[in-house]
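Below is model_26.txt, holding compact mmCIF, C-alpha atoms.
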# COMPACT_ATOMS: atom_id res chain seq x y z
CA MET A 28 -10.16 -5.98 -15.29
CA ARG A 29 -12.05 -3.86 -12.74
CA LEU A 30 -9.71 -1.49 -10.90
CA SER A 31 -9.65 -0.03 -7.37
CA THR A 32 -8.62 3.26 -9.01
CA ARG A 33 -11.40 5.74 -8.14
CA ASN A 34 -10.71 8.21 -10.92
CA GLN A 35 -11.23 7.13 -14.50
CA LEU A 36 -11.86 10.12 -16.72
CA THR A 37 -12.70 9.62 -20.37
CA GLY A 38 -11.35 11.85 -23.10
CA THR A 39 -9.34 12.15 -26.29
CA VAL A 40 -5.60 12.62 -26.80
CA SER A 41 -4.94 16.21 -27.88
CA ALA A 42 -1.11 16.30 -27.81
CA VAL A 43 1.82 13.87 -27.52
CA GLN A 44 5.31 15.16 -26.67
CA PRO A 45 7.83 12.32 -26.83
CA GLY A 46 11.05 12.82 -24.86
CA ALA A 47 14.10 10.61 -24.41
CA VAL A 48 12.50 8.01 -22.10
CA MET A 49 9.35 9.82 -20.93
CA THR A 50 6.41 11.09 -22.97
CA VAL A 51 4.02 13.87 -21.97
CA VAL A 52 0.45 13.31 -23.19
CA THR A 53 -2.40 15.84 -23.05
CA VAL A 54 -5.97 14.55 -22.89
CA GLN A 55 -9.06 16.65 -23.58
CA LEU A 56 -11.63 15.30 -21.15
CA ASP A 57 -15.22 14.76 -22.18
CA GLY A 58 -16.83 17.79 -20.58
CA GLY A 59 -14.15 20.24 -21.58
CA GLN A 60 -11.26 20.30 -19.09
CA SER A 61 -7.89 18.75 -19.90
CA VAL A 62 -5.38 16.51 -18.15
CA VAL A 63 -1.63 16.00 -18.69
CA ALA A 64 0.06 12.63 -18.07
CA SER A 65 3.80 11.95 -17.85
CA ILE A 66 4.28 8.30 -18.73
CA THR A 67 7.16 6.21 -20.04
CA LYS A 68 7.87 6.49 -23.74
CA ASP A 69 7.58 2.71 -23.92
CA ALA A 70 4.01 2.86 -22.58
CA ALA A 71 3.03 5.64 -24.98
CA GLU A 72 4.34 3.60 -27.89
CA GLU A 73 2.70 0.35 -26.79
CA LEU A 74 -0.68 2.07 -26.48
CA GLU A 75 -0.09 3.78 -29.86
CA LEU A 76 -1.16 7.10 -28.41
CA GLU A 77 -1.76 9.78 -31.01
CA VAL A 78 -3.89 12.87 -31.37
CA GLY A 79 -7.58 12.00 -31.64
CA LYS A 80 -7.38 8.62 -29.91
CA PRO A 81 -9.99 8.00 -27.18
CA VAL A 82 -8.33 7.29 -23.81
CA THR A 83 -9.15 7.02 -20.13
CA ALA A 84 -7.02 9.01 -17.65
CA LEU A 85 -6.65 7.12 -14.36
CA VAL A 86 -5.59 8.63 -11.05
CA LYS A 87 -5.48 6.99 -7.61
CA SER A 88 -7.51 8.98 -5.05
CA THR A 89 -4.48 9.32 -2.76
CA GLU A 90 -2.82 11.41 -5.52
CA VAL A 91 -5.54 14.06 -5.67
CA MET A 92 -5.15 17.32 -3.73
CA LEU A 93 -7.85 19.93 -3.25
CA GLY A 94 -7.68 23.72 -3.28
CA VAL A 95 -10.24 26.34 -2.32
CA GLU A 96 -10.25 30.06 -3.06
CA MET B 16 0.92 31.06 -5.91
CA ARG B 17 1.33 29.63 -9.42
CA LEU B 18 1.96 25.87 -9.34
CA SER B 19 3.97 23.49 -11.52
CA THR B 20 1.02 21.07 -11.13
CA ARG B 21 -0.31 20.49 -14.65
CA ASN B 22 -3.74 19.31 -13.68
CA GLN B 23 -6.09 21.72 -11.98
CA LEU B 24 -9.68 20.69 -12.52
CA THR B 25 -12.50 22.88 -11.23
CA GLY B 26 -15.64 21.48 -9.68
CA THR B 27 -17.91 21.31 -6.66
CA VAL B 28 -17.75 19.03 -3.61
CA SER B 29 -20.50 16.40 -3.90
CA ALA B 30 -19.65 14.16 -0.93
CA VAL B 31 -17.40 14.18 2.16
CA GLN B 32 -16.68 10.94 4.04
CA PRO B 33 -14.67 11.66 7.18
CA GLY B 34 -12.66 8.74 8.61
CA ALA B 35 -10.39 8.48 11.62
CA VAL B 36 -7.43 10.45 10.21
CA MET B 37 -8.22 10.47 6.47
CA THR B 38 -11.21 11.95 4.65
CA VAL B 39 -12.51 10.88 1.24
CA VAL B 40 -13.95 13.76 -0.79
CA THR B 41 -15.90 13.46 -4.06
CA VAL B 42 -15.82 16.37 -6.50
CA GLN B 43 -18.23 16.82 -9.38
CA LEU B 44 -16.10 18.38 -12.11
CA ASP B 45 -17.39 21.19 -14.26
CA GLY B 46 -18.22 19.29 -17.43
CA GLY B 47 -19.79 16.33 -15.72
CA GLN B 48 -17.22 13.73 -14.66
CA SER B 49 -16.24 13.25 -11.01
CA VAL B 50 -13.02 12.83 -9.03
CA VAL B 51 -12.34 11.29 -5.60
CA ALA B 52 -9.57 12.60 -3.32
CA SER B 53 -8.20 10.89 -0.20
CA ILE B 54 -6.71 13.65 1.95
CA THR B 55 -5.95 14.03 5.64
CA LYS B 56 -8.91 14.80 7.89
CA ASP B 57 -6.96 17.83 9.14
CA ALA B 58 -6.76 19.24 5.61
CA ALA B 59 -10.46 18.63 4.96
CA GLU B 60 -11.34 20.47 8.15
CA GLU B 61 -8.98 23.38 7.52
CA LEU B 62 -10.44 23.90 4.05
CA GLU B 63 -13.97 23.56 5.52
CA LEU B 64 -14.93 21.19 2.72
CA GLU B 65 -18.65 20.53 2.51
CA VAL B 66 -21.15 19.57 -0.15
CA GLY B 67 -21.69 22.40 -2.63
CA LYS B 68 -18.34 24.13 -2.04
CA PRO B 69 -16.41 25.05 -5.20
CA VAL B 70 -12.95 23.40 -5.26
CA THR B 71 -10.06 22.70 -7.57
CA ALA B 72 -8.75 19.12 -7.81
CA LEU B 73 -4.98 19.09 -8.40
CA VAL B 74 -2.97 16.15 -9.72
CA LYS B 75 0.71 16.02 -10.67
CA SER B 76 1.18 14.76 -14.25
CA THR B 77 3.47 11.94 -13.06
CA GLU B 78 0.46 10.48 -11.21
CA VAL B 79 -1.76 10.12 -14.27
CA MET B 80 -1.98 6.81 -16.09
CA LEU B 81 -3.65 6.22 -19.42
CA GLY B 82 -5.78 3.35 -20.69
CA VAL B 83 -7.06 2.49 -24.14
CA GLU B 84 -9.77 0.03 -25.15
CA MET C 15 -8.61 -1.75 -21.28
CA ARG C 16 -4.86 -1.79 -21.89
CA LEU C 17 -3.01 0.45 -19.40
CA SER C 18 0.15 2.57 -19.57
CA THR C 19 0.92 1.26 -16.07
CA ARG C 20 4.22 -0.62 -16.39
CA ASN C 21 3.86 -2.75 -13.28
CA GLN C 22 1.09 -5.31 -13.14
CA LEU C 23 1.96 -8.05 -10.68
CA THR C 24 -0.35 -11.03 -10.28
CA GLY C 25 -1.10 -12.59 -6.93
CA THR C 26 -3.70 -13.54 -4.36
CA VAL C 27 -5.18 -11.51 -1.50
CA SER C 28 -3.71 -12.76 1.79
CA ALA C 29 -5.12 -10.17 4.23
CA VAL C 30 -7.72 -7.38 4.28
CA GLN C 31 -7.71 -4.77 7.08
CA PRO C 32 -10.70 -2.45 6.75
CA GLY C 33 -10.39 0.94 8.43
CA ALA C 34 -12.79 3.88 8.67
CA VAL C 35 -12.45 5.08 5.05
CA MET C 36 -9.25 3.31 3.91
CA THR C 37 -8.52 -0.42 3.66
CA VAL C 38 -5.09 -2.04 3.74
CA VAL C 39 -4.83 -5.14 1.54
CA THR C 40 -1.93 -7.60 1.45
CA VAL C 41 -1.28 -9.55 -1.75
CA GLN C 42 0.89 -12.63 -1.99
CA LEU C 43 2.54 -12.31 -5.39
CA ASP C 44 2.92 -15.29 -7.67
CA GLY C 45 6.60 -16.07 -7.12
CA GLY C 46 6.55 -15.59 -3.38
CA GLN C 47 7.04 -11.95 -2.39
CA SER C 48 4.17 -9.84 -1.07
CA VAL C 49 2.79 -6.35 -1.64
CA VAL C 50 0.62 -4.09 0.54
CA ALA C 51 -1.92 -1.67 -0.97
CA SER C 52 -3.71 1.19 0.85
CA ILE C 53 -6.90 1.83 -1.09
CA THR C 54 -10.27 3.40 -0.27
CA LYS C 55 -12.69 1.22 1.66
CA ASP C 56 -15.23 1.88 -1.11
CA ALA C 57 -12.86 0.40 -3.71
CA ALA C 58 -12.13 -2.65 -1.57
CA GLU C 59 -15.84 -3.29 -1.14
CA GLU C 60 -16.68 -2.77 -4.81
CA LEU C 61 -13.99 -5.26 -5.85
CA GLU C 62 -15.21 -7.66 -3.13
CA LEU C 63 -11.64 -8.23 -2.01
CA GLU C 64 -11.25 -11.14 0.37
CA VAL C 65 -8.55 -13.62 1.33
CA GLY C 66 -7.87 -16.04 -1.52
CA LYS C 67 -9.13 -13.83 -4.33
CA PRO C 68 -6.79 -13.53 -7.35
CA VAL C 69 -5.79 -9.89 -7.97
CA THR C 70 -3.34 -7.80 -9.93
CA ALA C 71 -1.28 -5.17 -8.08
CA LEU C 72 -0.63 -2.15 -10.30
CA VAL C 73 2.05 0.48 -9.74
CA LYS C 74 3.07 3.37 -11.99
CA SER C 75 6.80 3.29 -12.76
CA THR C 76 7.27 6.83 -11.40
CA GLU C 77 6.30 5.47 -7.96
CA VAL C 78 9.04 2.85 -7.78
CA MET C 79 12.29 3.61 -5.95
CA LEU C 80 15.40 1.47 -6.01
CA GLY C 81 17.86 0.59 -3.27
CA VAL C 82 21.23 -1.13 -3.37
CA GLU C 83 23.26 -2.61 -0.54
CA MET D 6 17.76 2.59 8.18
CA ARG D 7 14.42 0.82 8.67
CA LEU D 8 11.70 2.28 6.44
CA SER D 9 7.94 2.72 6.77
CA THR D 10 7.74 1.63 3.12
CA ARG D 11 5.63 -1.56 3.11
CA ASN D 12 6.82 -2.89 -0.23
CA GLN D 13 10.42 -3.91 -0.62
CA LEU D 14 10.81 -6.41 -3.41
CA THR D 15 14.19 -7.97 -4.10
CA GLY D 16 15.46 -8.60 -7.60
CA THR D 17 18.14 -7.99 -10.19
CA VAL D 18 18.49 -5.18 -12.74
CA SER D 19 17.63 -6.53 -16.20
CA ALA D 20 17.65 -3.31 -18.25
CA VAL D 21 18.74 0.33 -17.90
CA GLN D 22 17.47 2.97 -20.35
CA PRO D 23 19.11 6.32 -19.67
CA GLY D 24 17.27 9.40 -20.93
CA ALA D 25 18.08 13.09 -20.74
CA VAL D 26 17.36 13.58 -17.01
CA MET D 27 15.33 10.45 -16.19
CA THR D 28 16.35 6.79 -16.41
CA VAL D 29 14.00 3.82 -16.78
CA VAL D 30 15.22 0.69 -14.99
CA THR D 31 13.73 -2.80 -15.29
CA VAL D 32 14.12 -5.19 -12.37
CA GLN D 33 13.55 -8.94 -12.57
CA LEU D 34 12.04 -9.80 -9.20
CA ASP D 35 13.08 -12.90 -7.32
CA GLY D 36 10.12 -15.17 -8.05
CA GLY D 37 9.84 -14.26 -11.70
CA GLN D 38 7.75 -11.13 -12.25
CA SER D 39 9.37 -7.81 -13.21
CA VAL D 40 9.06 -4.18 -12.18
CA VAL D 41 9.92 -0.95 -14.01
CA ALA D 42 11.14 2.17 -12.15
CA SER D 43 11.40 5.70 -13.55
CA ILE D 44 14.03 7.48 -11.47
CA THR D 45 16.32 10.46 -11.99
CA LYS D 46 19.39 9.85 -14.09
CA ASP D 47 21.45 11.23 -11.20
CA ALA D 48 20.07 8.55 -8.88
CA ALA D 49 20.72 5.77 -11.39
CA GLU D 50 24.32 6.92 -11.77
CA GLU D 51 24.94 7.32 -8.05
CA LEU D 52 23.68 3.79 -7.39
CA GLU D 53 25.76 2.54 -10.36
CA LEU D 54 22.79 0.57 -11.64
CA GLU D 55 23.67 -1.90 -14.37
CA VAL D 56 22.36 -5.18 -15.69
CA GLY D 57 22.90 -7.99 -13.20
CA LYS D 58 23.12 -5.80 -10.11
CA PRO D 59 20.98 -6.94 -7.14
CA VAL D 60 18.49 -4.24 -6.10
CA THR D 61 15.41 -3.73 -3.96
CA ALA D 62 12.35 -2.10 -5.54
CA LEU D 63 10.49 0.01 -2.99
CA VAL D 64 6.90 1.21 -3.30
CA LYS D 65 4.75 3.05 -0.73
CA SER D 66 1.47 1.20 -0.09
CA THR D 67 -0.57 4.30 -1.01
CA GLU D 68 0.81 3.93 -4.57
CA VAL D 69 -0.49 0.41 -5.16
CA MET D 70 -3.78 -0.14 -6.98
CA LEU D 71 -5.60 -3.44 -7.28
CA GLY D 72 -7.47 -4.98 -10.19
CA VAL D 73 -9.71 -8.03 -10.38
CA GLU D 74 -10.94 -9.91 -13.43
CA MET E 27 20.87 0.29 1.79
CA ARG E 28 21.52 3.31 -0.43
CA LEU E 29 18.31 4.60 -2.05
CA SER E 30 17.51 6.27 -5.37
CA THR E 31 15.16 8.54 -3.38
CA ARG E 32 16.49 12.08 -3.85
CA ASN E 33 14.87 13.63 -0.83
CA GLN E 34 15.94 12.46 2.61
CA LEU E 35 15.21 15.13 5.17
CA THR E 36 16.29 14.63 8.78
CA GLY E 37 14.15 15.68 11.70
CA THR E 38 12.33 14.66 14.86
CA VAL E 39 8.78 13.33 15.31
CA SER E 40 6.62 16.08 16.81
CA ALA E 41 3.17 14.46 16.63
CA VAL E 42 1.63 11.03 15.96
CA GLN E 43 -2.10 10.72 15.17
CA PRO E 44 -3.08 7.05 14.91
CA GLY E 45 -6.25 6.30 12.91
CA ALA E 46 -8.01 3.04 12.11
CA VAL E 47 -5.47 1.71 9.56
CA MET E 48 -3.48 4.86 8.71
CA THR E 49 -1.36 7.07 10.99
CA VAL E 50 -0.50 10.71 10.39
CA VAL E 51 2.97 11.66 11.65
CA THR E 52 4.38 15.20 11.89
CA VAL E 53 8.15 15.66 11.68
CA GLN E 54 9.97 18.82 12.71
CA LEU E 55 12.81 19.07 10.20
CA ASP E 56 16.30 20.07 11.26
CA GLY E 57 16.33 23.69 10.12
CA GLY E 58 12.85 24.54 11.32
CA GLN E 59 10.19 23.60 8.76
CA SER E 60 7.90 20.61 9.28
CA VAL E 61 6.60 17.71 7.19
CA VAL E 62 3.50 15.52 7.56
CA ALA E 63 3.49 11.85 6.50
CA SER E 64 0.42 9.61 6.07
CA ILE E 65 1.66 6.05 6.50
CA THR E 66 0.05 2.76 7.47
CA LYS E 67 -0.60 2.25 11.16
CA ASP E 68 1.37 -1.01 10.89
CA ALA E 69 4.43 0.89 9.66
CA ALA E 70 4.15 3.50 12.42
CA GLU E 71 3.98 0.76 15.04
CA GLU E 72 6.85 -1.26 13.60
CA LEU E 73 9.10 1.80 13.58
CA GLU E 74 7.91 2.67 17.11
CA LEU E 75 7.36 6.25 16.10
CA GLU E 76 6.77 8.58 19.04
CA VAL E 77 7.28 12.24 19.82
CA GLY E 78 10.97 13.08 20.08
CA LYS E 79 12.25 10.19 17.95
CA PRO E 80 14.78 11.15 15.25
CA VAL E 81 13.54 10.18 11.78
CA THR E 82 14.27 10.75 8.11
CA ALA E 83 11.41 11.87 5.85
CA LEU E 84 11.84 10.43 2.34
CA VAL E 85 10.12 11.69 -0.80
CA LYS E 86 10.65 10.61 -4.41
CA SER E 87 11.49 13.59 -6.65
CA THR E 88 8.56 12.80 -8.96
CA GLU E 89 6.23 13.59 -6.03
CA VAL E 90 7.49 17.14 -5.48
CA MET E 91 5.62 20.09 -7.01
CA LEU E 92 6.85 23.67 -7.10
CA GLY E 93 5.00 26.94 -6.61
CA VAL E 94 6.08 30.53 -7.17
CA GLU E 95 4.43 33.74 -5.99
CA MET F 25 -5.91 29.31 -3.36
CA ARG F 26 -5.52 27.41 -0.07
CA LEU F 27 -4.40 23.81 -0.62
CA SER F 28 -5.06 20.52 1.19
CA THR F 29 -1.38 19.75 0.60
CA ARG F 30 0.18 19.42 4.07
CA ASN F 31 3.77 20.01 3.06
CA GLN F 32 4.74 23.40 1.73
CA LEU F 33 8.42 24.03 2.25
CA THR F 34 9.92 27.39 1.32
CA GLY F 35 13.31 27.72 -0.31
CA THR F 36 15.32 28.96 -3.27
CA VAL F 37 16.11 27.24 -6.56
CA SER F 38 19.75 26.12 -6.54
CA ALA F 39 19.91 24.12 -9.78
CA VAL F 40 17.82 23.50 -12.91
CA GLN F 41 18.56 20.53 -15.20
CA PRO F 42 16.34 20.63 -18.27
CA GLY F 43 15.82 17.34 -20.09
CA ALA F 44 13.82 16.45 -23.19
CA VAL F 45 10.33 16.71 -21.62
CA MET F 46 11.14 16.63 -17.89
CA THR F 47 13.20 19.06 -15.82
CA VAL F 48 14.93 18.28 -12.53
CA VAL F 49 14.99 21.22 -10.12
CA THR F 50 16.95 21.43 -6.86
CA VAL F 51 15.66 23.67 -4.08
CA GLN F 52 17.70 24.80 -1.09
CA LEU F 53 15.17 24.90 1.74
CA ASP F 54 15.14 27.71 4.25
CA GLY F 55 16.81 25.98 7.19
CA GLY F 56 19.51 24.27 5.17
CA GLN F 57 18.32 20.96 3.73
CA SER F 58 17.56 20.54 0.03
CA VAL F 59 14.82 18.97 -2.08
CA VAL F 60 14.80 17.73 -5.69
CA ALA F 61 11.67 17.93 -7.88
CA SER F 62 11.10 16.18 -11.22
CA ILE F 63 8.50 18.23 -13.06
CA THR F 64 7.53 18.68 -16.70
CA LYS F 65 9.76 20.95 -18.74
CA ASP F 66 6.64 22.92 -19.68
CA ALA F 67 5.93 23.64 -16.00
CA ALA F 68 9.53 24.68 -15.32
CA GLU F 69 9.41 27.09 -18.24
CA GLU F 70 6.01 28.54 -17.34
CA LEU F 71 7.19 29.24 -13.78
CA GLU F 72 10.45 30.69 -15.17
CA LEU F 73 12.45 28.66 -12.67
CA GLU F 74 16.08 29.72 -12.43
CA VAL F 75 18.81 29.66 -9.84
CA GLY F 76 18.08 32.10 -7.03
CA LYS F 77 14.32 32.22 -7.49
CA PRO F 78 12.26 31.79 -4.29
CA VAL F 79 9.93 28.77 -4.54
CA THR F 80 7.71 26.57 -2.41
CA ALA F 81 8.15 22.79 -2.64
CA LEU F 82 4.82 21.02 -2.17
CA VAL F 83 4.37 17.35 -1.28
CA LYS F 84 1.16 15.48 -0.46
CA SER F 85 1.40 13.71 2.92
CA THR F 86 0.57 10.34 1.35
CA GLU F 87 3.88 10.62 -0.60
CA VAL F 88 6.11 10.91 2.47
CA MET F 89 7.84 7.84 3.87
CA LEU F 90 9.70 7.67 7.17
CA GLY F 91 12.93 5.93 8.12
CA VAL F 92 14.55 5.33 11.49
CA GLU F 93 18.09 4.22 12.28

What do you get writing this file as structure tokens?
Amino acid sequence: MRLSTRNQLTGTVSAVQPGAVMTVVTVQLDGGQSVVASITKDAAEELELEVGKPVTALVKSTEVMLGVE
Amino acid sequence: MRLSTRNQLTGTVSAVQPGAVMTVVTVQLDGGQSVVASITKDAAEELELEVGKPVTALVKSTEVMLGVE
Amino acid sequence: MRLSTRNQLTGTVSAVQPGAVMTVVTVQLDGGQSVVASITKDAAEELELEVGKPVTALVKSTEVMLGVE
Amino acid sequence: MRLSTRNQLTGTVSAVQPGAVMTVVTVQLDGGQSVVASITKDAAEELELEVGKPVTALVKSTEVMLGVE
Amino acid sequence: MRLSTRNQLTGTVSAVQPGAVMTVVTVQLDGGQSVVASITKDAAEELELEVGKPVTALVKSTEVMLGVE
Amino acid sequence: MRLSTRNQLTGTVSAVQPGAVMTVVTVQLDGGQSVVASITKDAAEELELEVGKPVTALVKSTEVMLGVE
């Protein structure tokens, strides 16, 4: 499936923190920065997310803010 | 101001597409991937966004989805 | 790619309203209700969205609110 | 109250998973597809959400992505 | 309809900037601060938003970030 | 850092509900209304959020909906 989602950043899972119904996943992006995702625990389990797994982090462009010094 | 926002990715503006009331801004991230932000035209003008300007792209962790092959 | 995104609703494009940099797309869901998406014009063009095209509407669960009478 | 929110899908609660501070609610839409919402536990309790209760799932159009095969 | 949406701030429309398909609306909150909403032009027209009209600004709690000095 | 984020509302933390991986924070806005934020527990701890602490609640304009009676 091709997606309208503008932002599709490739990386590798570097941490998984499961909660009660939500799970917080950290992804080391290819290129060196990292991204944190708060997703449902069900989704994290279905995708079998674990440290070292290659993943794509997706973000809709309307969710991105910009800051300048 | 320190922010709760987990994702703060540094980069450089590589394109600015002004619309009627919204502006679409492309940011080349340090490390090589890129991110697109849809923000208000007012915000883009206030921040004087233009190609080559260093910026930080901010995304709340609840807005990040993950995909696996 | 399998996605963490909980909500993937199948349907057919029933209207496309292109703007300056954003496009508003209406999708008739299989089952009869409809959904409106505001995406970038670039995304709408890349996906070649037009009336009658089958699409999937995706929504992260953290974006869904509930109301009761 | 009339809302600017474009997407108001009617359905019935089919599952409620309470967590520590968040609750994940599944809604069977009229027409057959289903939607998952991650809301605060406080909200879920105030609305007395339980299996079988009729609800409306609301989503802002800027939160909807589209995918094509 | 009672909503799960935690944040329902009352105020008065103080500016309406219609674009091609999106409209940017400024709301002066009761209590003195102001809020800007980017909604579809269709929604702004249906609600007949104009300067001086009393409105409620709604925001899901998962969309709110916090900053400290 | 100056942000594109249109909505930056000042206030004081009035409640903190820590969960497993998410924390729900209530902010009393200057002017009298209040706002609830669902953020990661990590963020809440890093910012040392506690009752009485001055904070700014930030919301992207694309996340704000409007309602009229």

Residues of chain E near chain A: apply a cut-off of 12 Å, count only C-alpha atoms, and supply the list as a PDB file with C-alpha atoms, in the frame of the given file.
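The resulting out_38.pdb:
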ATOM      1  CA  SER E  64       0.420   9.610   6.070  1.00  0.00           C
ATOM      2  CA  ILE E  65       1.660   6.050   6.500  1.00  0.00           C
ATOM      3  CA  THR E  88       8.560  12.800  -8.960  1.00  0.00           C
ATOM      4  CA  GLU E  89       6.230  13.590  -6.030  1.00  0.00           C
ATOM      5  CA  VAL E  90       7.490  17.140  -5.480  1.00  0.00           C
ATOM      6  CA  MET E  91       5.620  20.090  -7.010  1.00  0.00           C
TER       7      MET E  91
END

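Around stretch 17-19 of chain B, within 6 Å and counting only C-alpha atoms, the residues found are Met91, Leu92, Gly93 and Val94 of chain E; Ala67 of chain F, once anything fewer than 5 positions away on its own chain is removed.
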
Could you turn the residues from that selection into a file that holds C-alpha atoms, as a PDB file, in the coordinates of the input?
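This went into again-v9.pdb:
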ATOM      1  CA  MET E  91       5.620  20.090  -7.010  1.00  0.00           C
ATOM      2  CA  LEU E  92       6.850  23.670  -7.100  1.00  0.00           C
ATOM      3  CA  GLY E  93       5.000  26.940  -6.610  1.00  0.00           C
ATOM      4  CA  VAL E  94       6.080  30.530  -7.170  1.00  0.00           C
TER       5      VAL E  94
ATOM      6  CA  ALA F  67       5.930  23.640 -16.000  1.00  0.00           C
TER       7      ALA F  67
END

How many Å lie between atom CA of C:Leu23 and atom CA of D:Glu55, rounded to one decimal? 22.9 Å

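Excluding A:Gly38 and any residue on its chain fewer than 5 positions from it, the residues at most 6 Å away by all atoms listed in the file are Gln55, Leu56, Asp57, Pro81 and Val82 of chain A.
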
For A:Val54, find every residue with an atom within 10 Å (counting all atoms listed in the file), except residues of its own chain fewer than 6 positions away, and show them as an MDAnalysis selection string. (chainID A and resid 36:43 60:64 78:84) or (chainID B and resid 81)
